[in-house]
Amino acid sequence: MNPLTRKLATVGSALGLAASGLLLASAPASAATSCYGPSCTGLDPSTSICQNDARTVATSSIGTELRYSPTCRSAWARQSSNTSMTIWVESNTGLGQSAYYTGSGTVWTSMIDDKGIVDRACGYIMGFGATCTSWY
């Protein structure tokens with residue numbers, strides 16, 4: 001093999017290895033988390049299958065939404081407005097999750113179980129007080 005052919009073969013091999021590394025590095029992310037009822041408590045709805053069929057079932061006077069997934073039988077609170085506040089979701093059995101909203105974008109709490117129980121979402125604005133959705 002002459003020196004030019006050897007160099008081209010070496011460069012070609014290096015490019016091939018680099019390309020295969022890029023293909024491996026761009027593998028798809030892992031599948032969304034699956035849960036049901038109690039096993040959803042504490043999970044992020046945005047990384048679960050629960051977000052796929054979620055709907056807003058109640059909204060408070062300050063815009064805090066109670067989100068519910070029928071597939072997962074779970075609920076969480078979500079907020080989008082221009083006022084910073086603390087939001088939370090709570091059940092009539094004492095379960096709860098909270099998050100702080102900075103006043104920009106959208107924030108949501110982790111999920112809680114909604115299988116056979118009722119939940120509501122609440123928001124608290126300093127100097128204004130707390131407002132909650134109806135129980136669902």
# chains A, B, ... in the order shown; residues from 1 in each chain; ligands from 1
call {"tool": "residues_around", "arguments": {"residues": "A:Tyr124", "least_positions_apart": "4", "cutoff": "8 Å", "atoms": "only C-alpha atoms", "output": "PDB file with N, CA, C and O atoms, in the first residue's frame"}}
result
ATOM      1  N   MET A  85     -45.560  33.921  43.330  1.00  0.00           N
ATOM      2  CA  MET A  85     -46.413  33.314  44.351  1.00  0.00           C
ATOM      3  C   MET A  85     -45.967  31.887  44.630  1.00  0.00           C
ATOM      4  O   MET A  85     -45.192  31.317  43.870  1.00  0.00           O
ATOM      5  N   THR A  86     -46.495  31.325  45.683  1.00  0.00           N
ATOM      6  CA  THR A  86     -46.325  29.912  45.973  1.00  0.00           C
ATOM      7  C   THR A  86     -47.605  29.207  45.545  1.00  0.00           C
ATOM      8  O   THR A  86     -48.704  29.684  45.835  1.00  0.00           O
ATOM      9  N   ILE A  87     -47.446  28.099  44.822  1.00  0.00           N
ATOM     10  CA  ILE A  87     -48.615  27.315  44.429  1.00  0.00           C
ATOM     11  C   ILE A  87     -48.497  25.923  45.043  1.00  0.00           C
ATOM     12  O   ILE A  87     -47.400  25.469  45.364  1.00  0.00           O
ATOM     13  N   PHE A 128     -51.717  39.341  49.768  1.00  0.00           N
ATOM     14  CA  PHE A 128     -53.045  39.141  49.182  1.00  0.00           C
ATOM     15  C   PHE A 128     -53.742  37.964  49.836  1.00  0.00           C
ATOM     16  O   PHE A 128     -54.940  37.993  50.060  1.00  0.00           O
ATOM     17  N   GLY A 129     -52.990  36.914  50.120  1.00  0.00           N
ATOM     18  CA  GLY A 129     -53.563  35.730  50.741  1.00  0.00           C
ATOM     19  C   GLY A 129     -53.648  34.565  49.778  1.00  0.00           C
ATOM     20  O   GLY A 129     -53.144  34.624  48.659  1.00  0.00           O
ATOM     21  N   ALA A 130     -54.306  33.528  50.235  1.00  0.00           N
ATOM     22  CA  ALA A 130     -54.423  32.292  49.450  1.00  0.00           C
ATOM     23  C   ALA A 130     -55.779  32.204  48.777  1.00  0.00           C
ATOM     24  O   ALA A 130     -56.794  32.633  49.330  1.00  0.00           O
ATOM     25  N   THR A 131     -55.774  31.641  47.588  1.00  0.00           N
ATOM     26  CA  THR A 131     -56.990  31.372  46.845  1.00  0.00           C
ATOM     27  C   THR A 131     -56.881  29.976  46.272  1.00  0.00           C
ATOM     28  O   THR A 131     -55.829  29.613  45.740  1.00  0.00           O
TER      29      THR A 131
END
call {"tool": "residues_around", "arguments": {"residues": "stretch 96-108 of chain A", "least_positions_apart": "3", "cutoff": "6 Å", "atoms": "only C-alpha atoms", "output": "list in words"}}
result
Ala77, Arg78, Gln79, Ser80, Asn82, Thr83, Ser84, Met85, Thr86, Ile87, Trp88, Val89 and Glu90 of chain A
call {"tool": "atom_distance", "arguments": {"atom1": "atom CA of A:Thr133", "atom2": "atom CA of A:Ser48"}}
result
23.9 Å
call {"tool": "residues_around", "arguments": {"residues": "stretch 134-136 of chain A", "least_positions_apart": "5", "cutoff": "12 Å", "atoms": "only C-alpha atoms", "output": "list in words"}}
result
Thr56, Val57, Ala58, Thr59, Ser60, Ser61, Thr64, Glu65, Leu66, Arg67, Tyr68, Ser69, Arg73, Ser74, Ala75, Trp76, Val89, Glu90, Ser91, Asn92, Asp114, Lys115, Gly116, Ile117, Val118, Asp119, Arg120, Ala121 and Cys122 of chain A
call {"tool": "write_last_selection", "arguments": {"atoms": "C-alpha atoms", "output": "short mmCIF file (atom, residue, chain, number, x, y, z; two decimals), in the first residue's frame"}}
result
data_model
loop_
_atom_site.label_atom_id
_atom_site.label_comp_id
_atom_site.auth_asym_id
_atom_site.auth_seq_id
_atom_site.Cartn_x
_atom_site.Cartn_y
_atom_site.Cartn_z
CA THR A 56 -57.46 21.80 33.43
CA VAL A 57 -60.44 20.90 35.59
CA ALA A 58 -60.57 24.02 37.78
CA THR A 59 -58.97 27.48 37.93
CA SER A 60 -58.71 29.80 40.95
CA SER A 61 -59.39 33.53 40.85
CA THR A 64 -53.80 28.72 39.53
CA GLU A 65 -54.94 25.68 37.57
CA LEU A 66 -55.78 22.22 38.84
CA ARG A 67 -54.53 19.80 36.18
CA TYR A 68 -55.82 16.22 36.04
CA SER A 69 -54.80 13.14 34.07
CA ARG A 73 -55.46 9.30 38.04
CA SER A 74 -53.18 12.09 39.25
CA ALA A 75 -53.40 15.85 39.76
CA TRP A 76 -51.04 18.83 40.00
CA VAL A 89 -51.91 20.99 45.10
CA GLU A 90 -53.53 19.21 48.04
CA SER A 91 -55.87 16.29 48.57
CA ASN A 92 -58.56 15.69 51.15
CA ASP A 114 -56.23 11.35 42.66
CA LYS A 115 -57.51 7.76 42.62
CA GLY A 116 -60.72 7.76 44.64
CA ILE A 117 -60.01 11.05 46.44
CA VAL A 118 -60.47 14.77 45.69
CA ASP A 119 -57.86 17.47 45.13
CA ARG A 120 -57.60 21.22 44.72
CA ALA A 121 -54.94 23.71 43.61
CA CYS A 122 -54.07 26.84 45.54
#
call {"tool": "closest_residue", "arguments": {"among": "A:Ser81, A:Gly127, A:Cys35, A:Ile49", "to": "A:Ile62", "atoms": "only C-alpha atoms"}}
result
A:Ser81
call {"tool": "select_by_dssp", "arguments": {"residues": "stretch 66-136 of chain A", "states": "strand (DSSP E or B)", "output": "tab-separated table (two decimals) with N, CA, C and O atoms, in the first residue's frame"}}
result
chain	number	residue	atom	x	y	z
A	66	LEU	N	-55.84	23.60	38.40
A	66	LEU	CA	-55.78	22.22	38.84
A	66	LEU	C	-55.78	21.37	37.58
A	66	LEU	O	-56.74	21.39	36.81
A	67	ARG	N	-54.68	20.67	37.35
A	67	ARG	CA	-54.53	19.80	36.18
A	67	ARG	C	-54.80	18.37	36.60
A	67	ARG	O	-54.42	17.95	37.70
A	68	TYR	N	-55.45	17.60	35.73
A	68	TYR	CA	-55.82	16.22	36.04
A	68	TYR	C	-55.57	15.32	34.84
A	68	TYR	O	-55.87	15.69	33.71
A	69	SER	N	-55.01	14.15	35.10
A	69	SER	CA	-54.80	13.14	34.07
A	69	SER	C	-55.69	11.94	34.36
A	69	SER	O	-55.48	11.25	35.37
A	74	SER	N	-54.04	11.21	38.46
A	74	SER	CA	-53.18	12.09	39.25
A	74	SER	C	-53.53	13.54	38.98
A	74	SER	O	-54.17	13.85	37.97
A	75	ALA	N	-53.10	14.42	39.88
A	75	ALA	CA	-53.40	15.85	39.76
A	75	ALA	C	-52.17	16.66	40.15
A	75	ALA	O	-51.30	16.18	40.87
A	76	TRP	N	-52.12	17.90	39.66
A	76	TRP	CA	-51.04	18.83	40.00
A	76	TRP	C	-51.53	20.24	39.78
A	76	TRP	O	-52.53	20.48	39.11
A	77	ALA	N	-50.81	21.21	40.34
A	77	ALA	CA	-51.14	22.63	40.17
A	77	ALA	C	-50.20	23.21	39.12
A	77	ALA	O	-49.05	22.80	39.00
A	78	ARG	N	-50.71	24.20	38.37
A	78	ARG	CA	-49.90	24.89	37.35
A	78	ARG	C	-50.23	26.36	37.39
A	78	ARG	O	-51.38	26.74	37.61
A	79	GLN	N	-49.23	27.21	37.16
A	79	GLN	CA	-49.42	28.66	37.19
A	79	GLN	C	-48.68	29.34	36.06
A	79	GLN	O	-47.53	29.01	35.77
A	85	MET	N	-45.56	33.92	43.33
A	85	MET	CA	-46.41	33.31	44.35
A	85	MET	C	-45.97	31.89	44.63
A	85	MET	O	-45.19	31.32	43.87
A	86	THR	N	-46.50	31.33	45.68
A	86	THR	CA	-46.32	29.91	45.97
A	86	THR	C	-47.61	29.21	45.54
A	86	THR	O	-48.70	29.68	45.83
A	87	ILE	N	-47.45	28.10	44.82
A	87	ILE	CA	-48.62	27.31	44.43
A	87	ILE	C	-48.50	25.92	45.04
A	87	ILE	O	-47.40	25.47	45.36
A	88	TRP	N	-49.63	25.27	45.23
A	88	TRP	CA	-49.61	23.91	45.72
A	88	TRP	C	-50.86	23.17	45.29
A	88	TRP	O	-51.87	23.77	44.91
A	89	VAL	N	-50.77	21.87	45.33
A	89	VAL	CA	-51.91	20.99	45.10
A	89	VAL	C	-52.05	20.17	46.38
A	89	VAL	O	-51.05	19.78	46.99
A	90	GLU	N	-53.29	19.97	46.82
A	90	GLU	CA	-53.53	19.21	48.04
A	90	GLU	C	-54.73	18.31	47.88
A	90	GLU	O	-55.63	18.61	47.08
A	91	SER	N	-54.73	17.21	48.62
A	91	SER	CA	-55.87	16.29	48.57
A	91	SER	C	-56.60	16.32	49.91
A	91	SER	O	-56.07	16.80	50.91
A	96	GLY	N	-49.83	16.53	49.49
A	96	GLY	CA	-49.60	17.86	48.95
A	96	GLY	C	-48.25	17.99	48.29
A	96	GLY	O	-47.31	17.28	48.65
A	97	GLN	N	-48.16	18.86	47.31
A	97	GLN	CA	-46.92	19.21	46.63
A	97	GLN	C	-46.97	20.70	46.36
A	97	GLN	O	-48.04	21.24	46.03
A	98	SER	N	-45.83	21.39	46.44
A	98	SER	CA	-45.82	22.83	46.21
A	98	SER	C	-44.65	23.23	45.32
A	98	SER	O	-43.72	22.46	45.11
A	99	ALA	N	-44.74	24.45	44.80
A	99	ALA	CA	-43.68	25.03	43.96
A	99	ALA	C	-43.75	26.54	44.10
A	99	ALA	O	-44.81	27.11	44.37
A	100	TYR	N	-42.60	27.20	43.90
A	100	TYR	CA	-42.56	28.65	43.92
A	100	TYR	C	-42.56	29.16	42.49
A	100	TYR	O	-41.80	28.69	41.65
A	101	TYR	N	-43.43	30.11	42.21
A	101	TYR	CA	-43.54	30.71	40.87
A	101	TYR	C	-42.91	32.09	40.91
A	101	TYR	O	-43.27	32.93	41.73
A	107	VAL	N	-44.96	27.33	35.73
A	107	VAL	CA	-44.42	26.39	36.72
A	107	VAL	C	-45.55	25.45	37.13
A	107	VAL	O	-46.72	25.81	37.04
A	108	TRP	N	-45.17	24.26	37.55
A	108	TRP	CA	-46.14	23.28	38.03
A	108	TRP	C	-45.54	22.53	39.19
A	108	TRP	O	-44.33	22.48	39.37
A	112	ILE	N	-49.81	14.43	42.60
A	112	ILE	CA	-50.31	13.67	43.74
A	112	ILE	C	-51.40	12.71	43.25
A	112	ILE	O	-52.00	12.90	42.18
A	113	ASP	N	-51.63	11.71	44.04
A	113	ASP	CA	-52.66	10.69	43.76
A	113	ASP	C	-54.04	11.33	43.71
A	113	ASP	O	-54.37	12.18	44.51
A	119	ASP	N	-59.00	16.56	45.03
A	119	ASP	CA	-57.86	17.47	45.13
A	119	ASP	C	-58.29	18.88	44.78
A	119	ASP	O	-59.34	19.10	44.17
A	120	ARG	N	-57.43	19.83	45.13
A	120	ARG	CA	-57.60	21.22	44.72
A	120	ARG	C	-56.24	21.86	44.58
A	120	ARG	O	-55.25	21.39	45.15
A	121	ALA	N	-56.18	22.95	43.80
A	121	ALA	CA	-54.94	23.71	43.61
A	121	ALA	C	-55.11	25.07	44.26
A	121	ALA	O	-56.19	25.67	44.21
A	122	CYS	N	-54.02	25.56	44.85
A	122	CYS	CA	-54.07	26.84	45.54
A	122	CYS	C	-52.85	27.69	45.18
A	122	CYS	O	-51.81	27.17	44.79
A	123	GLY	N	-53.01	28.99	45.34
A	123	GLY	CA	-51.91	29.92	45.16
A	123	GLY	C	-51.91	30.93	46.28
A	123	GLY	O	-52.98	31.32	46.77
A	124	TYR	N	-50.72	31.33	46.71
A	124	TYR	CA	-50.60	32.31	47.78
A	124	TYR	C	-49.72	33.46	47.30
A	124	TYR	O	-48.57	33.25	46.92
A	125	ILE	N	-50.28	34.67	47.33
A	125	ILE	CA	-49.54	35.88	46.98
A	125	ILE	C	-49.33	36.68	48.26
A	125	ILE	O	-50.30	36.98	48.98
A	129	GLY	N	-52.99	36.91	50.12
A	129	GLY	CA	-53.56	35.73	50.74
A	129	GLY	C	-53.65	34.57	49.78
A	129	GLY	O	-53.14	34.62	48.66
A	130	ALA	N	-54.31	33.53	50.24
A	130	ALA	CA	-54.42	32.29	49.45
A	130	ALA	C	-55.78	32.20	48.78
A	130	ALA	O	-56.79	32.63	49.33
A	131	THR	N	-55.77	31.64	47.59
A	131	THR	CA	-56.99	31.37	46.84
A	131	THR	C	-56.88	29.98	46.27
A	131	THR	O	-55.83	29.61	45.74
A	132	CYS	N	-57.95	29.20	46.37
A	132	CYS	CA	-57.93	27.82	45.90
A	132	CYS	C	-59.04	27.57	44.88
A	132	CYS	O	-60.04	28.28	44.83
call {"tool": "atom_distance", "arguments": {"atom1": "atom CA of A:Met111", "atom2": "atom CA of A:Gly42"}}
result
5.4 Å
call {"tool": "atom_distance", "arguments": {"atom1": "atom CA of A:Thr109", "atom2": "atom CA of A:Asp44"}}
result
7.3 Å
call {"tool": "residues_around", "arguments": {"residues": "A:Pro45", "least_positions_apart": "4", "cutoff": "7 Å", "atoms": "only C-alpha atoms", "output": "ChimeraX atom specification"}}
result
/A:50-51,110-111
